[in-house]
Amino acid sequence: MPVMATDTLAPGDQELLERIVEEAERRGNAVIQVPRDDQGSGYCFTACVWAVHKIPEAVVVGLPERIGPTLLDAYVDRAATGETFIPGRIYDDFFEGVPVTFERVALGHYTEYLGSAFLVYPDGDFPALQVIVATPEGQWPWDPGAPEGFAEWQPVLTESGRPESWTPGVDGP
């Protein structure tokens, strides 16, 4: 797996990179979790799946601690065996009764939401998708009838903060 030269890393970053690479070699991907704080929702993301499988890294925002990594693992398992995930298409088979879709992550969100991945890809040259999860009632963060605060809890990581790879209600959810 190609990884940057590590002699220039601070000791803490070197240890984190080693943990990421070890987990990716053992499991096929590494999942980094960032807990909720007073600045916003918790989130988690993959690291090394672009290096190991040549599939986009993925991030999910606002899900409970145990659910996010499970969703990311399912994404990696499926994508690594050849399934392609198309932004704006609805996938009903990740969670029973709860649809998900995908959107491309804008480069402006990489540092905040995929920061540790820069240890693996120091030039930031890797694709990333956001996995967006609807409410159990099928509402998306951009829906006018979505629960209050849902769009802030699960922000869409595009430049506009809304889907950009498709038009909601026209060729996507």
# chains A, B, ... in the order shown; residues from 1 in each chain; ligands from 1

call {"tool": "select_by_dssp", "arguments": {"residues": "chain A", "states": "alpha helix (DSSP H)", "output": "PDB file with N, CA, C and O atoms, in the first residue's frame"}}
result
ATOM      1  N   PRO A  11       5.445  12.594  16.161  1.00  0.00           N
ATOM      2  CA  PRO A  11       5.260  11.244  16.735  1.00  0.00           C
ATOM      3  C   PRO A  11       3.795  10.818  16.844  1.00  0.00           C
ATOM      4  O   PRO A  11       3.467   9.675  16.524  1.00  0.00           O
ATOM      5  N   GLY A  12       2.898  11.698  17.265  1.00  0.00           N
ATOM      6  CA  GLY A  12       1.481  11.336  17.368  1.00  0.00           C
ATOM      7  C   GLY A  12       0.870  11.010  16.021  1.00  0.00           C
ATOM      8  O   GLY A  12       0.081  10.074  15.891  1.00  0.00           O
ATOM      9  N   ASP A  13       1.243  11.788  15.001  1.00  0.00           N
ATOM     10  CA  ASP A  13       0.746  11.515  13.651  1.00  0.00           C
ATOM     11  C   ASP A  13       1.323  10.217  13.110  1.00  0.00           C
ATOM     12  O   ASP A  13       0.638   9.463  12.422  1.00  0.00           O
ATOM     13  N   GLN A  14       2.580   9.955  13.428  1.00  0.00           N
ATOM     14  CA  GLN A  14       3.210   8.705  12.988  1.00  0.00           C
ATOM     15  C   GLN A  14       2.475   7.509  13.588  1.00  0.00           C
ATOM     16  O   GLN A  14       2.176   6.543  12.904  1.00  0.00           O
ATOM     17  N   GLU A  15       2.150   7.583  14.882  1.00  0.00           N
ATOM     18  CA  GLU A  15       1.418   6.493  15.541  1.00  0.00           C
ATOM     19  C   GLU A  15       0.041   6.307  14.933  1.00  0.00           C
ATOM     20  O   GLU A  15      -0.396   5.176  14.705  1.00  0.00           O
ATOM     21  N   LEU A  16      -0.655   7.412  14.666  1.00  0.00           N
ATOM     22  CA  LEU A  16      -1.988   7.325  14.061  1.00  0.00           C
ATOM     23  C   LEU A  16      -1.899   6.701  12.668  1.00  0.00           C
ATOM     24  O   LEU A  16      -2.693   5.823  12.321  1.00  0.00           O
ATOM     25  N   LEU A  17      -0.935   7.132  11.866  1.00  0.00           N
ATOM     26  CA  LEU A  17      -0.769   6.556  10.529  1.00  0.00           C
ATOM     27  C   LEU A  17      -0.511   5.060  10.620  1.00  0.00           C
ATOM     28  O   LEU A  17      -1.102   4.276   9.865  1.00  0.00           O
ATOM     29  N   GLU A  18       0.327   4.649  11.550  1.00  0.00           N
ATOM     30  CA  GLU A  18       0.612   3.227  11.711  1.00  0.00           C
ATOM     31  C   GLU A  18      -0.645   2.449  12.096  1.00  0.00           C
ATOM     32  O   GLU A  18      -0.873   1.354  11.591  1.00  0.00           O
ATOM     33  N   ARG A  19      -1.473   3.021  12.975  1.00  0.00           N
ATOM     34  CA  ARG A  19      -2.730   2.350  13.353  1.00  0.00           C
ATOM     35  C   ARG A  19      -3.677   2.256  12.164  1.00  0.00           C
ATOM     36  O   ARG A  19      -4.336   1.233  11.952  1.00  0.00           O
ATOM     37  N   ILE A  20      -3.773   3.334  11.378  1.00  0.00           N
ATOM     38  CA  ILE A  20      -4.643   3.336  10.203  1.00  0.00           C
ATOM     39  C   ILE A  20      -4.203   2.256   9.215  1.00  0.00           C
ATOM     40  O   ILE A  20      -5.010   1.454   8.742  1.00  0.00           O
ATOM     41  N   VAL A  21      -2.920   2.222   8.908  1.00  0.00           N
ATOM     42  CA  VAL A  21      -2.403   1.254   7.935  1.00  0.00           C
ATOM     43  C   VAL A  21      -2.565  -0.169   8.463  1.00  0.00           C
ATOM     44  O   VAL A  21      -2.991  -1.070   7.726  1.00  0.00           O
ATOM     45  N   GLU A  22      -2.273  -0.376   9.742  1.00  0.00           N
ATOM     46  CA  GLU A  22      -2.424  -1.718  10.322  1.00  0.00           C
ATOM     47  C   GLU A  22      -3.882  -2.187  10.245  1.00  0.00           C
ATOM     48  O   GLU A  22      -4.157  -3.324   9.848  1.00  0.00           O
ATOM     49  N   GLU A  23      -4.807  -1.308  10.600  1.00  0.00           N
ATOM     50  CA  GLU A  23      -6.229  -1.680  10.532  1.00  0.00           C
ATOM     51  C   GLU A  23      -6.653  -1.947   9.094  1.00  0.00           C
ATOM     52  O   GLU A  23      -7.372  -2.907   8.815  1.00  0.00           O
ATOM     53  N   ALA A  24      -6.196  -1.118   8.163  1.00  0.00           N
ATOM     54  CA  ALA A  24      -6.557  -1.312   6.755  1.00  0.00           C
ATOM     55  C   ALA A  24      -5.993  -2.619   6.215  1.00  0.00           C
ATOM     56  O   ALA A  24      -6.665  -3.325   5.460  1.00  0.00           O
ATOM     57  N   GLU A  25      -4.784  -2.954   6.607  1.00  0.00           N
ATOM     58  CA  GLU A  25      -4.199  -4.212   6.150  1.00  0.00           C
ATOM     59  C   GLU A  25      -4.929  -5.410   6.753  1.00  0.00           C
ATOM     60  O   GLU A  25      -5.103  -6.433   6.106  1.00  0.00           O
ATOM     61  N   ARG A  26      -5.378  -5.266   7.987  1.00  0.00           N
ATOM     62  CA  ARG A  26      -6.055  -6.370   8.675  1.00  0.00           C
ATOM     63  C   ARG A  26      -7.499  -6.518   8.206  1.00  0.00           C
ATOM     64  O   ARG A  26      -7.985  -7.624   7.997  1.00  0.00           O
ATOM     65  N   ARG A  27      -8.223  -5.387   8.042  1.00  0.00           N
ATOM     66  CA  ARG A  27      -9.660  -5.423   7.783  1.00  0.00           C
ATOM     67  C   ARG A  27     -10.047  -5.016   6.364  1.00  0.00           C
ATOM     68  O   ARG A  27     -11.197  -5.124   5.981  1.00  0.00           O
ATOM     69  N   VAL A  49      -9.089   3.106   1.900  1.00  0.00           N
ATOM     70  CA  VAL A  49      -9.806   2.299   0.903  1.00  0.00           C
ATOM     71  C   VAL A  49      -9.433   2.707  -0.521  1.00  0.00           C
ATOM     72  O   VAL A  49      -9.458   1.863  -1.420  1.00  0.00           O
ATOM     73  N   TRP A  50      -9.075   3.945  -0.731  1.00  0.00           N
ATOM     74  CA  TRP A  50      -8.602   4.354  -2.047  1.00  0.00           C
ATOM     75  C   TRP A  50      -7.250   3.678  -2.321  1.00  0.00           C
ATOM     76  O   TRP A  50      -7.018   3.164  -3.407  1.00  0.00           O
ATOM     77  N   ALA A  51      -6.374   3.653  -1.324  1.00  0.00           N
ATOM     78  CA  ALA A  51      -5.056   3.028  -1.483  1.00  0.00           C
ATOM     79  C   ALA A  51      -5.167   1.515  -1.649  1.00  0.00           C
ATOM     80  O   ALA A  51      -4.447   0.926  -2.457  1.00  0.00           O
ATOM     81  N   VAL A  52      -6.055   0.879  -0.912  1.00  0.00           N
ATOM     82  CA  VAL A  52      -6.156  -0.584  -0.921  1.00  0.00           C
ATOM     83  C   VAL A  52      -7.036  -1.100  -2.057  1.00  0.00           C
ATOM     84  O   VAL A  52      -6.691  -2.061  -2.737  1.00  0.00           O
ATOM     85  N   HIS A  53      -8.197  -0.461  -2.264  1.00  0.00           N
ATOM     86  CA  HIS A  53      -9.192  -1.003  -3.197  1.00  0.00           C
ATOM     87  C   HIS A  53      -9.468  -0.128  -4.427  1.00  0.00           C
ATOM     88  O   HIS A  53     -10.233  -0.534  -5.296  1.00  0.00           O
ATOM     89  N   ILE A  67     -23.528   2.720  14.580  1.00  0.00           N
ATOM     90  CA  ILE A  67     -24.161   2.557  13.257  1.00  0.00           C
ATOM     91  C   ILE A  67     -23.253   3.060  12.136  1.00  0.00           C
ATOM     92  O   ILE A  67     -23.143   2.421  11.093  1.00  0.00           O
ATOM     93  N   GLY A  68     -22.606   4.198  12.330  1.00  0.00           N
ATOM     94  CA  GLY A  68     -21.759   4.766  11.279  1.00  0.00           C
ATOM     95  C   GLY A  68     -20.681   3.820  10.795  1.00  0.00           C
ATOM     96  O   GLY A  68     -20.565   3.570   9.587  1.00  0.00           O
ATOM     97  N   PRO A  69     -19.849   3.253  11.696  1.00  0.00           N
ATOM     98  CA  PRO A  69     -18.824   2.322  11.233  1.00  0.00           C
ATOM     99  C   PRO A  69     -19.399   1.082  10.547  1.00  0.00           C
ATOM    100  O   PRO A  69     -18.822   0.583   9.570  1.00  0.00           O
ATOM    101  N   THR A  70     -20.537   0.602  11.019  1.00  0.00           N
ATOM    102  CA  THR A  70     -21.181  -0.558  10.383  1.00  0.00           C
ATOM    103  C   THR A  70     -21.582  -0.218   8.954  1.00  0.00           C
ATOM    104  O   THR A  70     -21.370  -1.020   8.034  1.00  0.00           O
ATOM    105  N   LEU A  71     -22.128   0.958   8.751  1.00  0.00           N
ATOM    106  CA  LEU A  71     -22.516   1.398   7.416  1.00  0.00           C
ATOM    107  C   LEU A  71     -21.291   1.538   6.516  1.00  0.00           C
ATOM    108  O   LEU A  71     -21.295   1.086   5.369  1.00  0.00           O
ATOM    109  N   LEU A  72     -20.225   2.131   7.043  1.00  0.00           N
ATOM    110  CA  LEU A  72     -19.010   2.291   6.238  1.00  0.00           C
ATOM    111  C   LEU A  72     -18.383   0.941   5.885  1.00  0.00           C
ATOM    112  O   LEU A  72     -17.914   0.746   4.762  1.00  0.00           O
ATOM    113  N   ASP A  73     -18.368   0.019   6.836  1.00  0.00           N
ATOM    114  CA  ASP A  73     -17.847  -1.319   6.542  1.00  0.00           C
ATOM    115  C   ASP A  73     -18.660  -1.993   5.441  1.00  0.00           C
ATOM    116  O   ASP A  73     -18.096  -2.641   4.547  1.00  0.00           O
ATOM    117  N   ALA A  74     -19.984  -1.853   5.497  1.00  0.00           N
ATOM    118  CA  ALA A  74     -20.840  -2.447   4.462  1.00  0.00           C
ATOM    119  C   ALA A  74     -20.549  -1.810   3.100  1.00  0.00           C
ATOM    120  O   ALA A  74     -20.467  -2.512   2.084  1.00  0.00           O
ATOM    121  N   TYR A  75     -20.381  -0.490   3.081  1.00  0.00           N
ATOM    122  CA  TYR A  75     -20.029   0.204   1.837  1.00  0.00           C
ATOM    123  C   TYR A  75     -18.722  -0.357   1.268  1.00  0.00           C
ATOM    124  O   TYR A  75     -18.647  -0.713   0.087  1.00  0.00           O
ATOM    125  N   VAL A  76     -17.691  -0.445   2.108  1.00  0.00           N
ATOM    126  CA  VAL A  76     -16.391  -0.928   1.635  1.00  0.00           C
ATOM    127  C   VAL A  76     -16.498  -2.367   1.150  1.00  0.00           C
ATOM    128  O   VAL A  76     -15.974  -2.702   0.080  1.00  0.00           O
ATOM    129  N   ASP A  77     -17.171  -3.217   1.910  1.00  0.00           N
ATOM    130  CA  ASP A  77     -17.312  -4.618   1.502  1.00  0.00           C
ATOM    131  C   ASP A  77     -17.959  -4.723   0.119  1.00  0.00           C
ATOM    132  O   ASP A  77     -17.504  -5.488  -0.734  1.00  0.00           O
ATOM    133  N   ARG A  78     -19.003  -3.958  -0.080  1.00  0.00           N
ATOM    134  CA  ARG A  78     -19.722  -4.035  -1.347  1.00  0.00           C
ATOM    135  C   ARG A  78     -18.933  -3.392  -2.482  1.00  0.00           C
ATOM    136  O   ARG A  78     -18.826  -3.953  -3.580  1.00  0.00           O
ATOM    137  N   ALA A  79     -18.378  -2.219  -2.242  1.00  0.00           N
ATOM    138  CA  ALA A  79     -17.629  -1.512  -3.295  1.00  0.00           C
ATOM    139  C   ALA A  79     -16.353  -2.268  -3.665  1.00  0.00           C
ATOM    140  O   ALA A  79     -15.973  -2.316  -4.843  1.00  0.00           O
ATOM    141  N   ALA A  80     -15.695  -2.872  -2.684  1.00  0.00           N
ATOM    142  CA  ALA A  80     -14.451  -3.603  -2.945  1.00  0.00           C
ATOM    143  C   ALA A  80     -14.688  -4.850  -3.791  1.00  0.00           C
ATOM    144  O   ALA A  80     -13.755  -5.344  -4.430  1.00  0.00           O
ATOM    145  N   TYR A 110     -12.828  18.369   2.905  1.00  0.00           N
ATOM    146  CA  TYR A 110     -11.879  17.281   3.166  1.00  0.00           C
ATOM    147  C   TYR A 110     -11.130  17.467   4.484  1.00  0.00           C
ATOM    148  O   TYR A 110     -11.003  16.534   5.271  1.00  0.00           O
ATOM    149  N   THR A 111     -10.585  18.643   4.717  1.00  0.00           N
ATOM    150  CA  THR A 111      -9.771  18.853   5.917  1.00  0.00           C
ATOM    151  C   THR A 111     -10.578  18.610   7.183  1.00  0.00           C
ATOM    152  O   THR A 111     -10.113  17.935   8.104  1.00  0.00           O
ATOM    153  N   GLU A 112     -11.804  19.125   7.231  1.00  0.00           N
ATOM    154  CA  GLU A 112     -12.618  18.980   8.446  1.00  0.00           C
ATOM    155  C   GLU A 112     -13.141  17.562   8.630  1.00  0.00           C
ATOM    156  O   GLU A 112     -13.119  17.035   9.745  1.00  0.00           O
ATOM    157  N   TYR A 113     -13.625  16.940   7.576  1.00  0.00           N
ATOM    158  CA  TYR A 113     -14.316  15.656   7.717  1.00  0.00           C
ATOM    159  C   TYR A 113     -13.474  14.426   7.354  1.00  0.00           C
ATOM    160  O   TYR A 113     -13.899  13.310   7.612  1.00  0.00           O
ATOM    161  N   ALA A 117      -7.126  11.233   6.928  1.00  0.00           N
ATOM    162  CA  ALA A 117      -6.815  10.602   5.641  1.00  0.00           C
ATOM    163  C   ALA A 117      -5.631  11.298   4.969  1.00  0.00           C
ATOM    164  O   ALA A 117      -4.936  10.694   4.147  1.00  0.00           O
ATOM    165  N   PHE A 118      -5.354  12.547   5.344  1.00  0.00           N
ATOM    166  CA  PHE A 118      -4.215  13.261   4.771  1.00  0.00           C
ATOM    167  C   PHE A 118      -2.886  12.658   5.223  1.00  0.00           C
ATOM    168  O   PHE A 118      -1.849  12.908   4.610  1.00  0.00           O
ATOM    169  N   LEU A 119      -2.900  11.859   6.279  1.00  0.00           N
ATOM    170  CA  LEU A 119      -1.688  11.134   6.658  1.00  0.00           C
ATOM    171  C   LEU A 119      -1.367  10.063   5.601  1.00  0.00           C
ATOM    172  O   LEU A 119      -0.213   9.776   5.337  1.00  0.00           O
ATOM    173  N   VAL A 120      -2.399   9.495   5.023  1.00  0.00           N
ATOM    174  CA  VAL A 120      -2.237   8.474   3.989  1.00  0.00           C
ATOM    175  C   VAL A 120      -2.025   9.124   2.627  1.00  0.00           C
ATOM    176  O   VAL A 120      -1.223   8.660   1.822  1.00  0.00           O
ATOM    177  N   PHE A 150     -32.536  18.612  11.291  1.00  0.00           N
ATOM    178  CA  PHE A 150     -31.967  17.452  10.591  1.00  0.00           C
ATOM    179  C   PHE A 150     -30.854  17.868   9.629  1.00  0.00           C
ATOM    180  O   PHE A 150     -29.814  17.215   9.542  1.00  0.00           O
ATOM    181  N   ALA A 151     -31.047  18.965   8.911  1.00  0.00           N
ATOM    182  CA  ALA A 151     -30.031  19.427   7.954  1.00  0.00           C
ATOM    183  C   ALA A 151     -28.754  19.866   8.663  1.00  0.00           C
ATOM    184  O   ALA A 151     -27.668  19.751   8.106  1.00  0.00           O
ATOM    185  N   GLU A 152     -28.865  20.352   9.888  1.00  0.00           N
ATOM    186  CA  GLU A 152     -27.675  20.729  10.654  1.00  0.00           C
ATOM    187  C   GLU A 152     -27.020  19.488  11.264  1.00  0.00           C
ATOM    188  O   GLU A 152     -25.812  19.421  11.424  1.00  0.00           O
ATOM    189  N   TRP A 153     -27.820  18.506  11.635  1.00  0.00           N
ATOM    190  CA  TRP A 153     -27.312  17.282  12.235  1.00  0.00           C
ATOM    191  C   TRP A 153     -26.578  16.422  11.207  1.00  0.00           C
ATOM    192  O   TRP A 153     -25.591  15.771  11.519  1.00  0.00           O
TER     193      TRP A 153
END

call {"tool": "closest_atom_pairs", "arguments": {"of": "region 39-74 of chain A", "to": "region 84-90 of chain A", "cutoff": "12 Å", "atoms": "only C-alpha atoms", "output": "Markdown table"}}
result
| residue | atom | partner | partner_atom | distance |
| --- | --- | --- | --- | --- |
| A:Lys54 | CA | A:Thr84 | CA | 11.7 |
| A:Ile55 | CA | A:Thr84 | CA | 8.8 |
| A:Pro56 | CA | A:Phe85 | CA | 9.7 |
| A:Glu57 | CA | A:Phe85 | CA | 11.9 |
| A:Ala58 | CA | A:Phe85 | CA | 11.0 |

call {"tool": "residues_around", "arguments": {"residues": "Glu65 (chain A)", "least_positions_apart": "6", "cutoff": "8 Å", "atoms": "only C-alpha atoms", "output": "ChimeraX atom specification"}}
result
/A:33,35,42

call {"tool": "residues_around", "arguments": {"residues": "region 92-103 of chain A", "least_positions_apart": "5", "cutoff": "9 Å", "atoms": "only C-alpha atoms", "output": "MDAnalysis selection string"}}
result
chainID A and resid 71 74:75 85:87 128:138 156:158 163:166 172:173

call {"tool": "atom_distance", "arguments": {"atom1": "CA of Ser116 (chain A)", "atom2": "CA of Val61 (chain A)"}}
result
15.7 Å
